[in-house]
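Take a look at the structure set out below.
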Amino acid sequence: MTTKIQTNEKMVEKPKRRTIGDFIKQQPLGFIGIVMIIIMFLAAVFAPYVAPYDPTDIDFMASPALGGGQPSIEHPLGADAFGRDILSRLIFGARTALSIGFFSAFIGCSIGAIIGTASAFFGGKVDLLIQRFIDLMLSFPIIVLAIVVIAIFPKTVIFGIDVNVIVAIAIPFIPKTARVIRSQALAIVTLPYVDAARANGFSAKRIIFRHVLPNVTAPFLIMMTAFIGQAILLEASLSYLGLGVVEPTPSWGLMLAGVNADYYRSAPWMILYPGVAVSVAVFSFNLFGDSLRDWLDPKLKL
Amino acid sequence: MAVKKQNSKKAGRTVTEDVLLDVKNLRVEFKMKNGVVRAVDDISYQVRKGEFLAVVGESGCGKSVSALSLMRLLPEKAATITADHILFDGIDISSIPMSEMRKLRGRRISMIFQEPMTSLNPVLTIGDQICEPLITHLGMSEEQAEVRAIELMAMVGIPEPKNRLPQYPHQFSGGMRQRVMIAIGLACEPDLIIADEPTTALDVTIQAQILELLKDISQRLGIAVIMITHNLGVVAAYADNVNVMYAAQIIEKGTASDIFANPAHPYSIGLLRSVPRMDKPRGGRLATIDGLPPNLMNPPSGCRFYARCPMAQESCAKTDQSLQETKGSEMHQTACYFSEKALKEGALIYETDVSVQGSSTVDKSGEPLLSVSSLRQEFSVSFRTGWFSSYNGSVKAVDDVSFDIYPGETVGLVGESGCGKTSVGRAILHLNDPTSGKIAFDNLSINKKSIALVRQDMQVIFQDPFSSLNPRMTIGEILEEPLKVHNIESDPEKRLQRISELLVKVGLYPYMSDRYPHELSGGQRQRVGIARALSMEPKLIICDEPVSALDVSVQAQIINLLEDLQRELGIAYLFIAHDLAVVKHISHKVVVMYLGQIMEVGEGDQLYGEPKHPYTQALLDAAPIPDPEIERKRKRSILKGELPSPINPPNGCVFSTRCPKVVAACTSGRPELLRVGTEHMASCVLLDER
């Protein structure tokens, strides 16, 4: 038996794998985003070699309290209240900002996505229980939840990064992501291809990870890139309460908070540049996240 | 351009006094990221006052776009509309300013859309929506408009119009909503109604009601109707004239009897031949048109049907075809050089596979492969009816259904939407757990646990080829997954080999395994769905409306494929569909369902030839046959009313509320399925008395 069919398309060889070159060509904004992320990453890794000063070095003469600290050749982005070089602190601060921002958003969103998808897939009582638990978690302010986590777990530091802070920030993201992803997954689990997978006798685990999760990539990436910014700011709030990174360790959040904000009139550079740094980081992740979403969507392949 | 000149000459001759709409050389272009798509390419036609014109063609041929462009409803940024003229009652509507156009819209030209569920605004009452054009266009006061609205609703057959005026769209059924749309369309007594697939979303019995209404109103009030459709049966029954479109052009036009009795374009011939016919005995392959329509981004030069045409000559690819008079009749025009030959030979231009005649026979001596007895499927419903009260009940989606399927047999399951036919399929597959009843497959009683043992032997094909494949997986990955998970083929090399074989078996190319689903056409995707089902070498495939989302010519390809696979591999099918002709063509045995119950079971020709149950008779009556001669002779008894709510089904026989032959005994108890012939059973009180 052969059914004759003709297609207007030519017989084609394997479609060629897309390369980094294609990504640059098709997603120029995403490329700019990833380049900026890489620059920040390299600056963070090689901070001691890039930064002009030690971030904790104090130059009393440059303190704005004494009328100094303006951006100058000596201190390109000025100095803070203690006369520490802001540029150096920004470069070292990228370590905490990137690690905490990225990891907490990634961990929080991933767990949230899995919980949300599973909740939608199993439905019924499982869904009800998970959703009520999520309601419970959502009812706590993020800060309170983070304080609880930090208070419960002993301080663990890996590669100079405080794991507790990452976990503390990641946990409040879980219910938020789970909610959004669940609503998306609810629509997907009713689609015939999920029924087809069930009729093929695939396990629940396989259907969730292989058939549902890949189809919620779009909201996942959007939420994750948005949470990176939030995570950096949250880290600042925690640090201000003395629960996160502690002075004198440089951190973008800390630089925006506390005593530095009091100088906004006489020494605006003190909060201007860390603010710019947070914005640029968030912006880069957003650009990259958006492009990644389009790039991963087979329907938008060029 | 030669085409233009010829067309304009002809148009000049045929212009008569009563021409309402004269479209000349209409073109619509869409600017896309990577080029320009000419969705409508140089079409010219006329509509006389009171004429019922049908525009037929497969999806993507430009029929809807051409209608939308008449109303100038296309987004102006994306679409460029050019035309020599579009004269509507002497006004060139292609060049008047938008403010003038708005005065015509709804006032003199109105439109009825396909989807009655979404074309009414859910937050406005039905009354508001019918009154709106009356107030804006005719300047009526609210009171006047309301009185007129009630008249209109009565005219389109909405019962108790006064009480239904303040209701909202969700309180109306699909058929009733379409009546409301027609009432809105009629509100200002327009000269022209454009109906874009007005009944595609409706059931056959409702479709017949709506079309009768439209035809009746257009005749009584002298309103011209342009009906866009892909359903050839509908065209035969109601249209005066027909335009056949293919790849953005009109390739044939004429009166309905011209097109159906003497089609002169190979495409029209193919289209007519590929529709299964309810009035012909079962058997044989359907004629198909091979291949797919061309991409309108860069259409081929010359005749656009060239690549698929069975009588194509080399010269066809070189020169453009224009509409020419056929047999000297001015009304009947065809865009084909060889129309004389096509006219003479008709269907013979398509080779049909003579080797496969008749249908496969079923050996019923052994045990049935699938045996369903007293299957029930209930879904619980609950909603709040007050502060402290709520309604808790259940919908009987499937109510005491029993049937057998033997190896290699096709059982067709027909009924209108909401009759529970899909629920039967899902319950057998345990995609929903049935409430009660026995399902035995291969002598194994199937329940929640044991279904896992037979998953591989029992497969499913879904209706919508767009959502039945995971968009994030390539075709290869989709086909490989079951082989891998069930360890049918552990060697990756052999697995690839197997996938290629599967693709070839369903008429695709092995290279397509690297494609993503969205890169394939609807028909190709449906073939992938079939390949996925075949990969497990099943004994039974449950086909849930597998062809209803496809175009006619592709539908025929898929039906042939399913039949070929059955002949070759001995697979049994449970074929769920609402299209009676398709079910008749493919099935050995047909089961007719209504409101969750079986009304009649029988062998195909017998059931269609001598339907015993009034519901089956009504269904057959409502389904149009693509032949105007037969349609004219048919006496229709159109079923009144609509499907009752399954939450609160009628007492006794569930069909009693709509049955034309209802007697007192009908409401007293549920009639049993009675044997009325070998293999033929029906459940009706009247049979009991006989």
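To be explicit about the labels: the chains of the structure tokens are called A, B, and onward in the order shown, and within each one the residues are counted from 1, while ligands get numbers from 1 in the order they are shown.
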### Task
Find the residues in chain B near chain A: any atom within 6 Å counts, using only C-alpha atoms. Write them as a ChimeraX atom specification.
/B:290-291,455,467-470,507
### Task
Report the residues of segment 121-197 of chain A whose backbone DSSP state falls under strand (DSSP E or B), written as JSON, numbers by chain.
{"A": [157, 158, 161, 162]}
Those same residues - C-alpha atoms - I'd like them written as a short mmCIF file (atom, residue, chain, number, x, y, z; two decimals), in the first residue's frame.
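Saved as out_17.cif:
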```cif
data_model
loop_
_atom_site.label_atom_id
_atom_site.label_comp_id
_atom_site.auth_asym_id
_atom_site.auth_seq_id
_atom_site.Cartn_x
_atom_site.Cartn_y
_atom_site.Cartn_z
CA VAL A 157 28.71 29.55 52.74
CA ILE A 158 29.85 27.98 49.47
CA ILE A 161 28.12 32.88 48.53
CA ASP A 162 25.63 32.71 51.36
#
```
#### Entry: Distance query segment 85-95 of chain A at most 6 Å, only C-alpha atoms, self and fewer than 5 positions along chain excluded, as a list of chain:residue names
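Here the qualifying residues turn out to be A:Ala44, A:Ala47, A:Ala51, A:Tyr53, A:Pro55, A:His75, A:Leu77, A:Gly78, A:Ala79, A:Pro250, A:Ser251, A:Trp252.
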Write the residues you've just listed into a file as a short mmCIF file (atom, residue, chain, number, x, y, z; two decimals), in the first residue's frame, and include N, CA and C atoms for each of them.
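Once everything was written out, this is again24.cif:
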```cif
data_model
loop_
_atom_site.label_atom_id
_atom_site.label_comp_id
_atom_site.auth_asym_id
_atom_site.auth_seq_id
_atom_site.Cartn_x
_atom_site.Cartn_y
_atom_site.Cartn_z
N ALA A 44 32.79 40.03 37.73
CA ALA A 44 32.61 39.45 39.05
C ALA A 44 33.70 38.43 39.34
N ALA A 47 37.18 40.14 39.62
CA ALA A 47 37.08 41.40 40.33
C ALA A 47 38.42 41.92 40.88
N ALA A 51 39.10 45.63 39.41
CA ALA A 51 38.78 46.77 40.26
C ALA A 51 40.04 47.58 40.59
N TYR A 53 40.57 49.48 43.23
CA TYR A 53 40.89 49.45 44.66
C TYR A 53 40.33 48.20 45.28
N PRO A 55 37.68 46.79 47.66
CA PRO A 55 36.37 47.40 47.95
C PRO A 55 36.22 47.83 49.40
N HIS A 75 38.63 58.46 41.70
CA HIS A 75 37.46 57.62 41.92
C HIS A 75 36.44 57.89 40.81
N LEU A 77 33.67 56.75 39.71
CA LEU A 77 32.24 56.85 40.03
C LEU A 77 32.03 57.43 41.42
N GLY A 78 33.08 58.07 41.95
CA GLY A 78 32.97 58.67 43.26
C GLY A 78 33.24 57.68 44.38
N ALA A 79 33.04 58.19 45.62
CA ALA A 79 33.28 57.33 46.78
C ALA A 79 32.08 57.41 47.70
N PRO A 250 30.87 44.07 49.84
CA PRO A 250 30.17 44.92 48.87
C PRO A 250 28.97 44.20 48.28
N SER A 251 27.86 44.89 48.21
CA SER A 251 26.66 44.33 47.59
C SER A 251 25.84 45.49 47.06
N TRP A 252 25.27 45.30 45.86
CA TRP A 252 24.53 46.40 45.23
C TRP A 252 23.34 46.82 46.08
#
```
### Message
Give me, as a VMD selection string, the residues of segment 124-194 of chain A that a backbone DSSP run labels alpha helix (DSSP H).
### Response
chain A and resid 124 to 138 142 to 152 163 to 189 192 to 194
Output the selection as a PDB file, in the first residue's frame - C-alpha atoms for each residue.
```
ATOM      1  CA  GLY A 124      -8.748  17.121  42.108  1.00  0.00           C
ATOM      2  CA  LYS A 125      -7.648  16.758  45.720  1.00  0.00           C
ATOM      3  CA  VAL A 126      -3.936  17.051  44.958  1.00  0.00           C
ATOM      4  CA  ASP A 127      -4.572  20.345  43.234  1.00  0.00           C
ATOM      5  CA  LEU A 128      -6.776  21.553  46.068  1.00  0.00           C
ATOM      6  CA  LEU A 129      -4.183  20.743  48.740  1.00  0.00           C
ATOM      7  CA  ILE A 130      -1.297  22.267  46.836  1.00  0.00           C
ATOM      8  CA  GLN A 131      -3.244  25.403  46.069  1.00  0.00           C
ATOM      9  CA  ARG A 132      -4.321  25.922  49.673  1.00  0.00           C
ATOM     10  CA  PHE A 133      -0.724  25.486  50.791  1.00  0.00           C
ATOM     11  CA  ILE A 134       0.280  28.064  48.208  1.00  0.00           C
ATOM     12  CA  ASP A 135      -2.414  30.411  49.520  1.00  0.00           C
ATOM     13  CA  LEU A 136      -0.832  30.000  52.924  1.00  0.00           C
ATOM     14  CA  MET A 137       2.623  30.840  51.635  1.00  0.00           C
ATOM     15  CA  LEU A 138       1.336  33.810  49.671  1.00  0.00           C
ATOM     16  CA  ILE A 142       8.191  37.977  51.454  1.00  0.00           C
ATOM     17  CA  ILE A 143      10.461  39.529  54.074  1.00  0.00           C
ATOM     18  CA  VAL A 144       8.852  37.623  56.941  1.00  0.00           C
ATOM     19  CA  LEU A 145       9.161  34.358  55.051  1.00  0.00           C
ATOM     20  CA  ALA A 146      12.807  35.060  54.288  1.00  0.00           C
ATOM     21  CA  ILE A 147      13.560  35.951  57.900  1.00  0.00           C
ATOM     22  CA  VAL A 148      12.035  32.656  59.026  1.00  0.00           C
ATOM     23  CA  VAL A 149      14.159  30.682  56.595  1.00  0.00           C
ATOM     24  CA  ILE A 150      17.352  32.449  57.575  1.00  0.00           C
ATOM     25  CA  ALA A 151      16.565  32.041  61.247  1.00  0.00           C
ATOM     26  CA  ILE A 152      15.899  28.307  60.915  1.00  0.00           C
ATOM     27  CA  VAL A 163      23.371  29.751  50.438  1.00  0.00           C
ATOM     28  CA  ASN A 164      20.874  30.713  53.122  1.00  0.00           C
ATOM     29  CA  VAL A 165      20.146  34.010  51.475  1.00  0.00           C
ATOM     30  CA  ILE A 166      19.570  32.288  48.121  1.00  0.00           C
ATOM     31  CA  VAL A 167      17.175  29.794  49.664  1.00  0.00           C
ATOM     32  CA  ALA A 168      15.456  32.511  51.681  1.00  0.00           C
ATOM     33  CA  ILE A 169      14.841  34.572  48.570  1.00  0.00           C
ATOM     34  CA  ALA A 170      13.963  31.597  46.378  1.00  0.00           C
ATOM     35  CA  ILE A 171      11.187  30.285  48.622  1.00  0.00           C
ATOM     36  CA  PRO A 172       8.821  33.257  48.286  1.00  0.00           C
ATOM     37  CA  PHE A 173       9.107  32.942  44.497  1.00  0.00           C
ATOM     38  CA  ILE A 174       7.820  29.374  44.530  1.00  0.00           C
ATOM     39  CA  PRO A 175       4.123  30.062  45.238  1.00  0.00           C
ATOM     40  CA  LYS A 176       4.021  33.006  42.859  1.00  0.00           C
ATOM     41  CA  THR A 177       5.446  31.025  39.964  1.00  0.00           C
ATOM     42  CA  ALA A 178       3.382  27.958  40.817  1.00  0.00           C
ATOM     43  CA  ARG A 179       0.183  30.000  40.557  1.00  0.00           C
ATOM     44  CA  VAL A 180       0.969  31.462  37.164  1.00  0.00           C
ATOM     45  CA  ILE A 181       2.367  28.247  35.695  1.00  0.00           C
ATOM     46  CA  ARG A 182      -0.588  26.257  37.007  1.00  0.00           C
ATOM     47  CA  SER A 183      -3.054  28.443  35.152  1.00  0.00           C
ATOM     48  CA  GLN A 184      -1.103  27.969  31.939  1.00  0.00           C
ATOM     49  CA  ALA A 185      -0.680  24.238  32.514  1.00  0.00           C
ATOM     50  CA  LEU A 186      -4.397  23.814  33.189  1.00  0.00           C
ATOM     51  CA  ALA A 187      -5.036  24.804  29.590  1.00  0.00           C
ATOM     52  CA  ILE A 188      -2.324  22.488  28.315  1.00  0.00           C
ATOM     53  CA  VAL A 189      -3.346  19.341  30.187  1.00  0.00           C
ATOM     54  CA  PRO A 192      -5.245  16.227  22.840  1.00  0.00           C
ATOM     55  CA  TYR A 193      -1.484  15.667  22.800  1.00  0.00           C
ATOM     56  CA  VAL A 194      -1.543  15.145  26.556  1.00  0.00           C
TER      57      VAL A 194
END
```
### Query
Quick one: distance from atom CA of Leu375 of chain B to atom CA of Ile530 of chain B in Å, one decimal?
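Here the two named atoms are 26.7 Å from each other.
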Which residues of segment 540-614 of chain B come within 10 Å of segment 644-664 of chain B, and what is each one's closest atom pair and distance in Å (one decimal), counting only C-alpha atoms, sorted by chain and residue number, as a Markdown table?
```
| residue | atom | partner | partner_atom | distance |
| --- | --- | --- | --- | --- |
| B:Tyr594 | CA | B:Phe655 | CA | 7.4 |
| B:Leu595 | CA | B:Pro646 | CA | 6.6 |
| B:Gly596 | CA | B:Pro646 | CA | 8.3 |
| B:Gln597 | CA | B:Val654 | CA | 8.2 |
| B:Met599 | CA | B:Phe655 | CA | 8.8 |
| B:His613 | CA | B:Cys659 | CA | 9.8 |
| B:Pro614 | CA | B:Cys659 | CA | 6.7 |
```
